[in-house]
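Before any comments, here is the structure.
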Amino acid sequence: MRHSLKLKSFLLVMVTALVTVSCNIDDGAETIPIPESTLADLISADTNLSSLFAALERADLVTTLQGNGPFTIFAPDNTAFSNFLGAAGFGSVNDVPVETLRQLLLNHVVTGSIEASLLINLQRNYLETLADGPTSDTKVALYFDAVNGISFNGISTVTSGDKPGSNGIYHIVDGVIALPTLATFIGVDENFISFDTSLDLISPVSDLPDMLEESTGPFTLFIPIEHAFDNLLASNSDWDFLSDIDENFLNSVMNHHVLNGNLRSTSINGGQTATTLEGDDITFVNLDGNLEITDGLGNEGAIIGFTDIQASNGVIHGIPNNVLLPDTTN
C-alpha cells in the first residue's frame with residue numbers, strides 16, 4: 001500500500017505574508033540600498049531577457065511593471081521563450097494573440113517582493129499570480145517546489161535569483177510557465193499522487209482525465225489526499241492497491257468528487273447540496289465553523305481541509321480524511 005504523506009499547508013500563500021521589505025534602519029546602521037531602476041527597466045536592459053521584454057511591450061504590461069508594486073517576476077530567459085514559441089508553432093512573440101500573451105505573462109507575476117530564501121523555507125506551496133481565473137475576481141495559482149532548487153508547476157526552474165529593483169524583485173527561470181489546468185496541479189502536488197494514479201487507472205473507461213486537462217470547464221474538484229485513499233483501501237480486505245478496485249466503480253468514485261462550475265469556498269454554505277458529475281448529490285455541512293461533506297452514500301464527516309487552489313479551468317479543495325463514495329445501490 002502506498003505510504004501516507006503528511007498533509008502540507010494548503011493555505012494559498014497570501015501575498016501580504018510574502019512581502020519582504022528593504023531594510024530601512026534609522027539608528028545609524030548601514031541601510032541596504034534600493035536600486036533606482038524598476039523591474040521593467042532592468043528587464044529591458046538585460047540582453048538575455050530581450051524576448052521577455054518584447055512580450056511585455058506587445059501585451060502592454062511595461063507600464064504596469066514600472067508601477068509601485070511591489071512585484072515578483074519569474075522571468076523566462078530568451079532560450080525559454082524560443083522553446084515556448086517553437087513548441088506552440090509561433091514564429092515570434094508578435095504572432096501570439098495579445099490577450100493570450102498577456103495572461104501568460106501575468107502568470108509569471110505575483111504581488112509582493114519574494115526572495116528565494118522564503119520559498120526555500122516554505123518548501124512546497126502555492127502562490128497567487130496576477131493571471132485571471134475562469135470566473136470574475138479569481139486569480140490563477142502557481143505551485144512551487146523549493147526542496148531541491150526552485151521549480152514552478154513542474155516545468156520551470158530558477159537559474160538565477162534575487163535580482164532587486166525599485167519596485168520588487170525578479171528571478172530568471174528556464175521555462176515559460178503555461179497557464180495551469182487542474183491536471184497540472186494534480187500531476188505535480190505530492191499530496192495528490194493517489195488521485196493522479198486513480199485518474200490513470202480509469203482512463204480506459206472514463207473521459208474525466210482528459211476533461212481535467214483539456215476542457216475549459218470550469219470544474220470544482222474535491223481531492224482526497226494520500227491518507228484518505230489509505231482509509232479507502234483499508235475499508236475492503238480485497239484492496240491492497242488502487243489497481244485492485246474495479247475500474248468502473250473507481251470511475252464512479254472519481255466522478256463523485258467533481259462538480260460543474262468554479263465553486264470557491266466563499267460560495268459554499270452549510271446545508272447546500274450539489275450534484276456531482278457521477279450523478280449523486282453531496283451535501284455541505286457547517287460544523288462549528290468548519291465545512292464538511294456528506295457523500296452520496298450518506299457517509300458524514302469528510303473534512304474540507306484546504307481550499308481554493310485555482311487553475312485556469314477550475315478550482316481544487318482538499319479532503320484530508322475520507323474518499324467520497326456514491327450511492328452504490330443505484
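Letters A, B, ... go to the chains of the C-alpha cells in the order shown; residues in each chain start at 1; ligands are counted from 1 in the same order.
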Once DSSP has gone over the backbone, tell me which residues of stretch 29-97 of chain A are in strand (DSSP E), as a PDB file with N, CA, C and O atoms, in the first residue's frame.
```pdb
ATOM      1  N   PHE A  71       6.305  43.888  -6.914  1.00  0.00           N
ATOM      2  CA  PHE A  71       6.020  42.697  -7.693  1.00  0.00           C
ATOM      3  C   PHE A  71       7.188  41.715  -7.578  1.00  0.00           C
ATOM      4  O   PHE A  71       8.327  42.117  -7.337  1.00  0.00           O
ATOM      5  N   THR A  72       6.870  40.462  -7.778  1.00  0.00           N
ATOM      6  CA  THR A  72       7.896  39.448  -8.025  1.00  0.00           C
ATOM      7  C   THR A  72       7.626  38.863  -9.402  1.00  0.00           C
ATOM      8  O   THR A  72       6.501  38.453  -9.701  1.00  0.00           O
ATOM      9  N   ILE A  73       8.661  38.849 -10.251  1.00  0.00           N
ATOM     10  CA  ILE A  73       8.535  38.326 -11.612  1.00  0.00           C
ATOM     11  C   ILE A  73       9.435  37.105 -11.754  1.00  0.00           C
ATOM     12  O   ILE A  73      10.612  37.137 -11.386  1.00  0.00           O
ATOM     13  N   PHE A  74       8.870  36.042 -12.269  1.00  0.00           N
ATOM     14  CA  PHE A  74       9.656  34.875 -12.644  1.00  0.00           C
ATOM     15  C   PHE A  74       9.897  35.002 -14.148  1.00  0.00           C
ATOM     16  O   PHE A  74       8.995  34.749 -14.961  1.00  0.00           O
ATOM     17  N   ALA A  75      11.100  35.443 -14.499  1.00  0.00           N
ATOM     18  CA  ALA A  75      11.400  35.945 -15.829  1.00  0.00           C
ATOM     19  C   ALA A  75      12.021  34.880 -16.726  1.00  0.00           C
ATOM     20  O   ALA A  75      13.188  34.511 -16.519  1.00  0.00           O
ATOM     21  N   PRO A  76      11.294  34.391 -17.736  1.00  0.00           N
ATOM     22  CA  PRO A  76      11.867  33.405 -18.661  1.00  0.00           C
ATOM     23  C   PRO A  76      12.955  34.042 -19.525  1.00  0.00           C
ATOM     24  O   PRO A  76      12.780  35.148 -20.059  1.00  0.00           O
TER      25      PRO A  76
END
```
Next item on the list: Tell me which protein, DNA and RNA residues are within 7 Å of A:Asp280, counting only C-alpha atoms, leaving out same-chain ones fewer than 2 positions away, and put them as a count of residues only.
Entry: 7
Notebook entry, point to check: Nearest to A:Ser252 among A:Ile303, A:Ala274, A:Ile169, A:Leu324, with distances taken over only C-alpha atoms: which residue is it?
Noted result: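 Of A:Ile303, A:Ala274, A:Ile169, A:Leu324, the one nearest A:Ser252, counting only C-alpha atoms, is A:Leu324.
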Item checked: Straight-line distance linking atom CA of A:Gly154 with atom CA of A:Leu56, stated in Å to one decimal ->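 Between these atoms lies a distance of 23.6 Å.
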Checklist line | Non-local contacts of stretch 177-185 of chain A (8 Å; only C-alpha atoms; under 6 positions in same chain excluded) as a PyMOL selection string | finding: chain A and resi 103-104+107-108+140-143+152-153+155-156+209+212-214+311-316
Selection to disk with N, CA, C and O atoms, as an mmCIF file, in the first residue's frame:
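The new file selection_39.cif reads:
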```cif
data_model
loop_
_atom_site.group_PDB
_atom_site.id
_atom_site.type_symbol
_atom_site.label_atom_id
_atom_site.label_comp_id
_atom_site.auth_asym_id
_atom_site.auth_seq_id
_atom_site.Cartn_x
_atom_site.Cartn_y
_atom_site.Cartn_z
ATOM 1 N N GLN A 103 -2.142 37.166 -20.481
ATOM 2 C CA GLN A 103 -2.445 36.261 -19.366
ATOM 3 C C GLN A 103 -1.269 35.326 -19.083
ATOM 4 O O GLN A 103 -0.978 35.003 -17.924
ATOM 5 N N LEU A 104 -0.591 34.901 -20.139
ATOM 6 C CA LEU A 104 0.583 34.048 -19.960
ATOM 7 C C LEU A 104 1.652 34.779 -19.145
ATOM 8 O O LEU A 104 2.241 34.214 -18.206
ATOM 9 N N ASN A 107 0.879 35.252 -15.523
ATOM 10 C CA ASN A 107 1.061 34.013 -14.766
ATOM 11 C C ASN A 107 2.474 33.902 -14.189
ATOM 12 O O ASN A 107 2.758 33.005 -13.398
ATOM 13 N N HIS A 108 3.355 34.819 -14.582
ATOM 14 C CA HIS A 108 4.729 34.859 -14.059
ATOM 15 C C HIS A 108 4.917 35.966 -13.032
ATOM 16 O O HIS A 108 6.050 36.214 -12.594
ATOM 17 N N VAL A 140 -5.211 32.943 -10.902
ATOM 18 C CA VAL A 140 -4.664 31.597 -11.039
ATOM 19 C C VAL A 140 -3.517 31.378 -10.054
ATOM 20 O O VAL A 140 -2.707 32.271 -9.797
ATOM 21 N N ALA A 141 -3.447 30.180 -9.508
ATOM 22 C CA ALA A 141 -2.387 29.817 -8.569
ATOM 23 C C ALA A 141 -1.140 29.345 -9.306
ATOM 24 O O ALA A 141 -1.182 28.988 -10.490
ATOM 25 N N LEU A 142 -0.027 29.337 -8.568
ATOM 26 C CA LEU A 142 1.253 28.877 -9.092
ATOM 27 C C LEU A 142 1.876 27.979 -8.028
ATOM 28 O O LEU A 142 2.122 28.420 -6.897
ATOM 29 N N TYR A 143 2.135 26.712 -8.377
ATOM 30 C CA TYR A 143 2.714 25.768 -7.426
ATOM 31 C C TYR A 143 4.234 25.839 -7.488
ATOM 32 O O TYR A 143 4.819 25.834 -8.568
ATOM 33 N N PHE A 152 8.542 25.664 -10.726
ATOM 34 C CA PHE A 152 7.162 26.137 -10.756
ATOM 35 C C PHE A 152 6.334 25.253 -11.677
ATOM 36 O O PHE A 152 6.686 25.052 -12.849
ATOM 37 N N ASN A 153 5.239 24.727 -11.129
ATOM 38 C CA ASN A 153 4.321 23.865 -11.873
ATOM 39 C C ASN A 153 5.029 22.698 -12.559
ATOM 40 O O ASN A 153 4.542 22.154 -13.539
ATOM 41 N N ILE A 155 7.599 22.666 -14.431
ATOM 42 C CA ILE A 155 8.083 22.877 -15.802
ATOM 43 C C ILE A 155 9.120 23.987 -15.923
ATOM 44 O O ILE A 155 9.713 24.159 -16.990
ATOM 45 N N SER A 156 9.374 24.740 -14.869
ATOM 46 C CA SER A 156 10.271 25.887 -14.983
ATOM 47 C C SER A 156 11.072 26.020 -13.696
ATOM 48 O O SER A 156 10.514 25.929 -12.600
ATOM 49 N N PRO A 209 -10.175 12.095 -17.063
ATOM 50 C CA PRO A 209 -8.782 12.575 -17.126
ATOM 51 C C PRO A 209 -8.555 13.621 -18.219
ATOM 52 O O PRO A 209 -7.889 14.639 -17.973
ATOM 53 N N LEU A 212 -10.175 17.124 -17.324
ATOM 54 C CA LEU A 212 -9.443 17.934 -16.347
ATOM 55 C C LEU A 212 -8.211 18.584 -16.953
ATOM 56 O O LEU A 212 -7.720 19.583 -16.442
ATOM 57 N N GLU A 213 -7.732 18.023 -18.067
ATOM 58 C CA GLU A 213 -6.537 18.570 -18.706
ATOM 59 C C GLU A 213 -6.861 19.471 -19.881
ATOM 60 O O GLU A 213 -6.203 20.503 -20.087
ATOM 61 N N GLU A 214 -7.883 19.120 -20.634
ATOM 62 C CA GLU A 214 -8.107 19.789 -21.912
ATOM 63 C C GLU A 214 -9.357 20.657 -21.957
ATOM 64 O O GLU A 214 -9.433 21.592 -22.752
ATOM 65 N N ALA A 311 -7.043 26.883 -10.743
ATOM 66 C CA ALA A 311 -6.459 26.608 -12.051
ATOM 67 C C ALA A 311 -7.219 27.399 -13.108
ATOM 68 O O ALA A 311 -8.218 28.063 -12.818
ATOM 69 N N SER A 312 -6.749 27.320 -14.343
ATOM 70 C CA SER A 312 -7.405 28.059 -15.418
ATOM 71 C C SER A 312 -8.759 27.474 -15.776
ATOM 72 O O SER A 312 -9.594 28.168 -16.351
ATOM 73 N N ASN A 313 -8.982 26.194 -15.454
ATOM 74 C CA ASN A 313 -10.246 25.547 -15.812
ATOM 75 C C ASN A 313 -10.978 24.981 -14.604
ATOM 76 O O ASN A 313 -11.775 24.056 -14.730
ATOM 77 N N GLY A 314 -10.717 25.543 -13.431
ATOM 78 C CA GLY A 314 -11.448 25.092 -12.256
ATOM 79 C C GLY A 314 -10.672 25.287 -10.971
ATOM 80 O O GLY A 314 -9.577 25.855 -10.965
ATOM 81 N N VAL A 315 -11.250 24.815 -9.883
ATOM 82 C CA VAL A 315 -10.681 25.055 -8.561
ATOM 83 C C VAL A 315 -10.637 23.747 -7.777
ATOM 84 O O VAL A 315 -11.493 22.866 -7.941
ATOM 85 N N ILE A 316 -9.624 23.622 -6.909
ATOM 86 C CA ILE A 316 -9.415 22.422 -6.108
ATOM 87 C C ILE A 316 -9.601 22.750 -4.632
ATOM 88 O O ILE A 316 -9.084 23.743 -4.127
#
```
Next item on the list: Quote the spacing between atom CA of A:Ile186 and atom CA of A:Leu199 in Å to one decimal place.
Entry: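 Taking atom CA of A:Ile186 as the start and atom CA of A:Leu199 as the end point, the length is 9.7 Å.
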Next item on the list: Would you please give, as a ChimeraX atom specification, all residues of stretch 200-271 of chain A that DSSP assigns to helix (DSSP H, G or I) based on the backbone?
Entry: /A:200-202,208-214,226-234,242-244,247-255,265-267
Check: Between atom CA of A:Met211 and atom CA of A:Gly318, what is the spacing in Å?
Finding: 19.2 Å
Next item on the list: List the neighbours of stretch 85-92 of chain A out to 12 Å using only C-alpha atoms; skip same-chain residues closer than 4 positions along the sequence, and give me the result as a PyMOL selection string.
Entry: chain A and resi 51-52+54-55+58+78-81+96-97+101+175-176+178
Generate the output file for the selected residues, N, CA and C atoms, as a CSV table (one decimal), in the first residue's frame.
```csv
chain,number,residue,atom,x,y,z
A,51,SER,N,13.5,38.8,-25.3
A,51,SER,CA,12.3,38.2,-25.7
A,51,SER,C,11.2,38.5,-24.7
A,52,LEU,N,11.5,38.4,-23.5
A,52,LEU,CA,10.5,38.7,-22.4
A,52,LEU,C,10.1,40.2,-22.5
A,54,ALA,N,10.1,42.1,-25.1
A,54,ALA,CA,9.3,42.3,-26.3
A,54,ALA,C,7.9,41.8,-26.1
A,55,ALA,N,7.8,40.7,-25.3
A,55,ALA,CA,6.4,40.2,-25.0
A,55,ALA,C,5.7,41.2,-24.1
A,58,ARG,N,4.4,44.0,-26.2
A,58,ARG,CA,3.2,43.6,-27.0
A,58,ARG,C,2.0,43.5,-26.2
A,78,ASN,N,15.7,34.1,-22.8
A,78,ASN,CA,15.5,34.0,-24.3
A,78,ASN,C,15.4,32.6,-24.8
A,79,THR,N,16.2,31.7,-24.2
A,79,THR,CA,16.0,30.3,-24.6
A,79,THR,C,14.7,29.7,-24.3
A,80,ALA,N,14.2,30.1,-23.1
A,80,ALA,CA,12.9,29.6,-22.6
A,80,ALA,C,11.8,30.1,-23.6
A,81,PHE,N,11.9,31.4,-24.0
A,81,PHE,CA,10.9,31.9,-24.9
A,81,PHE,C,11.0,31.2,-26.3
A,96,VAL,N,1.7,35.7,-31.2
A,96,VAL,CA,0.9,35.3,-30.1
A,96,VAL,C,-0.3,36.3,-29.9
A,97,PRO,N,-1.5,35.8,-29.9
A,97,PRO,CA,-2.6,36.7,-29.6
A,97,PRO,C,-2.4,37.5,-28.4
A,101,LEU,N,-1.1,36.3,-24.7
A,101,LEU,CA,0.2,36.6,-24.2
A,101,LEU,C,0.1,37.3,-22.9
A,175,GLY,N,12.1,28.3,-18.2
A,175,GLY,CA,11.0,27.8,-18.9
A,175,GLY,C,9.8,28.8,-18.8
A,176,VAL,N,9.0,28.9,-19.9
A,176,VAL,CA,7.8,29.7,-19.8
A,176,VAL,C,6.8,28.9,-19.1
A,178,ALA,N,3.3,27.8,-18.5
A,178,ALA,CA,2.0,27.9,-19.1
A,178,ALA,C,0.9,28.0,-18.1
```
Next item on the list: Using only C-alpha atoms, find the one residue out of A:His256, A:Arg264, A:Lys163, A:His227 that sits nearest to A:Ser37.
Entry: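 Comparing A:His256, A:Arg264, A:Lys163, A:His227 against A:Ser37, the winner is A:Lys163.
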Checklist line | Test item: residues at most 10 Å from stretch 62-70 of chain A, only C-alpha atoms, excluding those fewer than 2 positions along its chain, as a PyMOL selection string | finding: chain A and resi 19-21+37-41+43-44+53-60+72-73+109-114+165-169
